[in-house]
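Pasting target36.txt here (compact mmCIF, C-alpha atoms):
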```txt
# COMPACT_ATOMS: atom_id res chain seq x y z
CA MET A 491 65.71 -13.78 -79.07
CA GLN A 492 67.51 -10.79 -77.62
CA ILE A 493 66.29 -8.68 -80.54
CA ILE A 494 62.63 -9.44 -79.79
CA ILE A 495 63.08 -8.66 -76.10
CA THR A 496 64.89 -5.40 -76.91
CA ILE A 497 62.20 -4.32 -79.39
CA SER A 498 59.48 -5.13 -76.86
CA ILE A 499 61.20 -3.12 -74.15
CA LEU A 500 61.69 -0.17 -76.52
CA LEU A 501 58.00 -0.29 -77.51
CA ILE A 502 56.98 -0.31 -73.86
CA VAL A 503 59.31 2.60 -73.03
CA ALA A 504 58.06 4.61 -76.04
CA THR A 505 54.46 3.95 -75.03
CA ILE A 506 55.11 5.06 -71.46
CA ILE A 507 56.82 8.25 -72.66
CA ILE A 508 53.95 9.11 -75.03
CA TYR A 509 51.42 8.33 -72.30
CA LYS A 510 53.17 10.51 -69.72
CA VAL A 511 54.05 13.44 -72.01
CA ASN A 512 51.02 13.82 -74.26
CA ASP A 513 48.26 11.87 -72.51
CA LYS A 514 47.35 10.44 -75.93
CA PHE A 515 46.31 7.09 -74.49
CA GLU A 516 43.61 6.47 -72.00
CA LYS A 517 44.65 4.28 -69.13
CA ARG A 518 42.57 1.37 -70.43
CA GLU A 519 44.14 1.56 -73.94
CA PHE A 520 47.58 1.80 -72.37
CA ILE A 521 47.05 -1.37 -70.33
CA ILE A 522 45.64 -3.26 -73.35
CA PHE A 523 48.61 -2.21 -75.49
CA LEU A 524 51.13 -3.33 -72.86
CA ALA A 525 49.28 -6.63 -72.42
CA VAL A 526 49.35 -7.27 -76.19
CA ILE A 527 53.10 -6.56 -76.33
CA LEU A 528 53.82 -8.84 -73.36
CA ILE A 529 51.64 -11.69 -74.66
CA ALA A 530 53.17 -11.46 -78.15
CA THR A 531 56.70 -11.48 -76.70
CA ILE A 532 56.02 -14.45 -74.43
CA GLY A 533 54.34 -16.33 -77.28
CA PHE A 534 57.25 -15.72 -79.63
CA LEU A 535 59.83 -16.77 -77.01
CA PHE A 536 57.88 -19.95 -76.25
CA TYR A 537 57.62 -20.81 -79.95
CA GLU A 538 61.32 -20.14 -80.54
CA ASN A 539 62.35 -22.29 -77.56
CA LYS A 540 60.11 -25.13 -78.71
CA SER A 541 61.42 -25.04 -82.29
CA GLU A 542 65.04 -24.79 -81.10
CA ASN A 543 64.68 -27.95 -78.99
CA TYR A 544 62.73 -29.93 -81.60
CA LEU A 545 65.69 -31.64 -83.30
CA PRO A 546 67.53 -32.54 -80.06
CA ASN A 547 64.30 -34.08 -78.74
CA LEU A 548 63.96 -35.98 -82.01
CA PHE A 549 67.54 -37.24 -81.54
CA ILE A 550 66.69 -38.50 -78.05
CA LYS A 551 63.73 -40.49 -79.39
CA LYS A 552 65.78 -41.88 -82.29
CA TYR A 553 68.71 -42.86 -80.03
CA GLU A 554 66.48 -44.54 -77.46
CA LYS A 555 64.70 -46.47 -80.21
CA GLU A 556 67.91 -47.58 -81.98
CA TYR A 557 70.06 -48.43 -78.95
CA ASN A 558 67.35 -49.25 -76.40
CA THR A 559 69.12 -46.99 -73.89
CA THR A 560 67.79 -43.96 -72.05
CA ILE A 561 69.60 -40.64 -72.30
CA LYS A 562 69.85 -38.97 -68.89
CA SER A 563 71.06 -35.57 -70.04
CA LEU A 564 71.84 -34.00 -73.39
CA ASP A 565 73.90 -31.09 -74.64
CA TYR A 566 74.03 -30.16 -78.30
CA GLU A 567 75.73 -27.80 -80.70
CA LEU A 568 74.55 -26.88 -84.18
CA LEU A 569 77.71 -27.12 -86.28
CA ASN A 570 76.58 -25.95 -89.71
CA ASN A 571 75.36 -22.65 -88.29
CA LYS A 572 78.99 -21.54 -87.86
CA VAL A 573 79.70 -21.68 -91.59
CA VAL A 574 76.45 -21.61 -93.52
CA SER A 575 72.91 -21.38 -92.24
CA SER A 576 70.53 -23.82 -93.85
CA LYS A 577 66.81 -24.41 -93.51
CA ASP A 578 66.82 -28.02 -94.69
CA LYS A 579 70.19 -29.46 -93.63
CA PHE A 580 71.41 -29.53 -90.02
CA ILE A 581 74.63 -30.94 -88.62
CA TYR A 582 74.78 -31.43 -84.85
CA LYS A 583 77.27 -32.50 -82.24
CA PHE A 584 75.53 -34.26 -79.36
CA THR A 585 77.07 -34.86 -75.94
CA TYR A 586 74.98 -36.95 -73.59
CA THR A 587 75.05 -39.22 -70.56
CA ILE A 588 73.58 -42.69 -70.60
CA LEU A 589 73.23 -45.52 -68.12
CA LYS A 590 74.57 -48.77 -69.55
CA GLU A 591 75.44 -51.94 -67.66
CA ASN A 592 74.88 -50.20 -64.30
CA SER A 593 77.54 -47.60 -65.18
CA GLU A 594 77.17 -44.04 -66.32
CA PHE A 595 78.87 -43.05 -69.55
CA LEU A 596 79.56 -39.67 -71.11
CA CYS A 597 79.16 -40.07 -74.87
CA THR A 598 79.72 -37.86 -77.89
CA LEU A 599 78.27 -38.23 -81.36
CA ASN A 600 79.76 -35.88 -83.94
CA ASN A 601 78.42 -34.76 -87.31
CA VAL A 602 74.89 -36.06 -86.96
CA GLU A 603 73.32 -34.97 -90.23
CA ILE A 604 69.59 -34.27 -90.32
CA HIS A 605 67.74 -33.32 -93.49
CA LYS A 606 64.32 -31.72 -93.63
CA ILE A 607 62.08 -32.90 -96.44
CA LYS A 608 58.76 -31.05 -96.37
CA ASN A 609 57.60 -31.55 -92.75
CA GLU A 610 59.71 -34.64 -92.00
CA TYR A 611 63.20 -34.81 -90.52
CA ILE A 612 65.47 -37.65 -91.62
CA PHE A 613 68.71 -38.73 -89.95
CA VAL A 614 71.02 -39.30 -92.91
CA ASN A 615 74.08 -40.94 -91.39
CA PHE A 616 72.84 -42.12 -87.99
CA SER A 617 73.66 -45.81 -88.38
CA GLN A 618 77.18 -45.09 -89.70
CA LEU A 619 78.26 -42.81 -86.85
CA LYS A 620 80.54 -44.06 -84.11
CA GLU A 621 79.80 -42.80 -80.65
CA GLU A 622 82.69 -42.15 -78.32
CA CYS A 623 81.92 -43.00 -74.71
CA LEU A 624 83.90 -42.51 -71.51
CA LYS A 625 83.01 -44.10 -68.21
CA ARG A 626 82.20 -41.54 -65.54
```

Before we go any further, please render this structure as structure tokens.
Amino acid sequence: MQIIITISILLIVATIIIYKVNDKFEKREFIIFLAVILIATIGFLFYENKSENYLPNLFIKKYEKEYNTTIKSLDYELLNNKVVSSKDKFIYKFTYTILKENSEFLCTLNNVEIHKIKNEYIFVNFSQLKEECLKR
């Protein structure tokens, strides 16, 4: 994400320098070029944010369906990215708060394995995992 923002800023700076030094762009072309750069950057950042949060949102739906409990807040960490990056196998650590029996609990679920098969995501070991919960 930082790379895209840096490249966009460098493109804008280069365009401004060329515009000021050589007057190679008309003002209208300059504004159109800057608008295209800004729209492309915003679109890419929106897409990246949406795809980054896709699996945690899928976990929330799966958890709420399996345990019939609502997750109040969620924090997650992609574990397999530290060792090997994979496009079809993801291992997450989820930390979340739930409301159960009129008490709030802080729970952790480690090594949640998610496999991607074509366009479908499958939780491999979800039913075998033991969640660790502490009363808040």

Excluding Ser617 in chain A and any residue of its chain fewer than 6 positions from it, enumerate the residues within 12 Å of it, using all atoms listed in the file, and give them as a PDB file with C-alpha atoms, in the frame of the given file.
```
ATOM      1  CA  LYS A 552      65.780 -41.880 -82.290  1.00  0.00           C
ATOM      2  CA  TYR A 553      68.710 -42.860 -80.030  1.00  0.00           C
ATOM      3  CA  GLU A 556      67.910 -47.580 -81.980  1.00  0.00           C
ATOM      4  CA  TYR A 557      70.060 -48.430 -78.950  1.00  0.00           C
ATOM      5  CA  LEU A 599      78.270 -38.230 -81.360  1.00  0.00           C
ATOM      6  CA  VAL A 602      74.890 -36.060 -86.960  1.00  0.00           C
ATOM      7  CA  GLU A 603      73.320 -34.970 -90.230  1.00  0.00           C
TER       8      GLU A 603
END
```

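In this model, the gap between CA of Leu624 in chain A and CA of Leu596 in chain A comes to 5.2 Å.
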
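Here CA of Asn600 in chain A and CA of Phe584 in chain A stand 6.4 Å from one another.
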
Separation of CA of Lys540 in chain A and CA of Asn609 in chain A, in Å?
15.6 Å

Select, from A:Leu524, A:Glu591, A:Glu622, A:Leu568, the residue with the minimum atom-to-atom distance to Leu500 in chain A, counting all atoms listed in the file.
A:Leu524

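Shortest atom-to-atom contact with Ile495 in chain A among A:Phe534, A:Phe580, A:Phe549, A:Phe613: A:Phe534, counting all atoms listed in the file.
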
Output range 524-536 of chain A with N, CA, C and O atoms present, as a JSON list (two decimals), in the coordinates of the input.
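This is the output file out.json:
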```json
[["chain", "number", "residue", "atom", "x", "y", "z"],
["A", 524, "LEU", "N", 50.04, -2.65, -73.57],
["A", 524, "LEU", "CA", 51.13, -3.33, -72.86],
["A", 524, "LEU", "C", 50.87, -4.83, -72.75],
["A", 524, "LEU", "O", 51.79, -5.63, -72.91],
["A", 525, "ALA", "N", 49.61, -5.20, -72.51],
["A", 525, "ALA", "CA", 49.28, -6.63, -72.42],
["A", 525, "ALA", "C", 49.51, -7.33, -73.76],
["A", 525, "ALA", "O", 50.04, -8.46, -73.79],
["A", 526, "VAL", "N", 49.14, -6.68, -74.86],
["A", 526, "VAL", "CA", 49.35, -7.27, -76.19],
["A", 526, "VAL", "C", 50.84, -7.45, -76.46],
["A", 526, "VAL", "O", 51.27, -8.50, -76.96],
["A", 527, "ILE", "N", 51.65, -6.46, -76.13],
["A", 527, "ILE", "CA", 53.10, -6.56, -76.33],
["A", 527, "ILE", "C", 53.68, -7.70, -75.50],
["A", 527, "ILE", "O", 54.46, -8.51, -76.00],
["A", 528, "LEU", "N", 53.29, -7.78, -74.23],
["A", 528, "LEU", "CA", 53.82, -8.84, -73.36],
["A", 528, "LEU", "C", 53.38, -10.23, -73.82],
["A", 528, "LEU", "O", 54.20, -11.16, -73.85],
["A", 529, "ILE", "N", 52.14, -10.39, -74.21],
["A", 529, "ILE", "CA", 51.64, -11.69, -74.66],
["A", 529, "ILE", "C", 52.33, -12.10, -75.96],
["A", 529, "ILE", "O", 52.72, -13.26, -76.13],
["A", 530, "ALA", "N", 52.49, -11.15, -76.88],
["A", 530, "ALA", "CA", 53.17, -11.46, -78.15],
["A", 530, "ALA", "C", 54.62, -11.84, -77.91],
["A", 530, "ALA", "O", 55.14, -12.79, -78.52],
["A", 531, "THR", "N", 55.31, -11.15, -77.02],
["A", 531, "THR", "CA", 56.70, -11.48, -76.70],
["A", 531, "THR", "C", 56.82, -12.85, -76.06],
["A", 531, "THR", "O", 57.67, -13.66, -76.46],
["A", 532, "ILE", "N", 55.99, -13.14, -75.10],
["A", 532, "ILE", "CA", 56.02, -14.45, -74.43],
["A", 532, "ILE", "C", 55.69, -15.55, -75.42],
["A", 532, "ILE", "O", 56.33, -16.60, -75.43],
["A", 533, "GLY", "N", 54.70, -15.33, -76.27],
["A", 533, "GLY", "CA", 54.34, -16.33, -77.28],
["A", 533, "GLY", "C", 55.48, -16.60, -78.25],
["A", 533, "GLY", "O", 55.78, -17.75, -78.57],
["A", 534, "PHE", "N", 56.14, -15.55, -78.71],
["A", 534, "PHE", "CA", 57.25, -15.72, -79.63],
["A", 534, "PHE", "C", 58.42, -16.45, -78.97],
["A", 534, "PHE", "O", 59.02, -17.34, -79.57],
["A", 535, "LEU", "N", 58.74, -16.10, -77.72],
["A", 535, "LEU", "CA", 59.83, -16.77, -77.01],
["A", 535, "LEU", "C", 59.52, -18.24, -76.77],
["A", 535, "LEU", "O", 60.40, -19.10, -76.90],
["A", 536, "PHE", "N", 58.28, -18.55, -76.45],
["A", 536, "PHE", "CA", 57.88, -19.95, -76.25],
["A", 536, "PHE", "C", 58.00, -20.73, -77.55],
["A", 536, "PHE", "O", 58.54, -21.83, -77.58]]
```
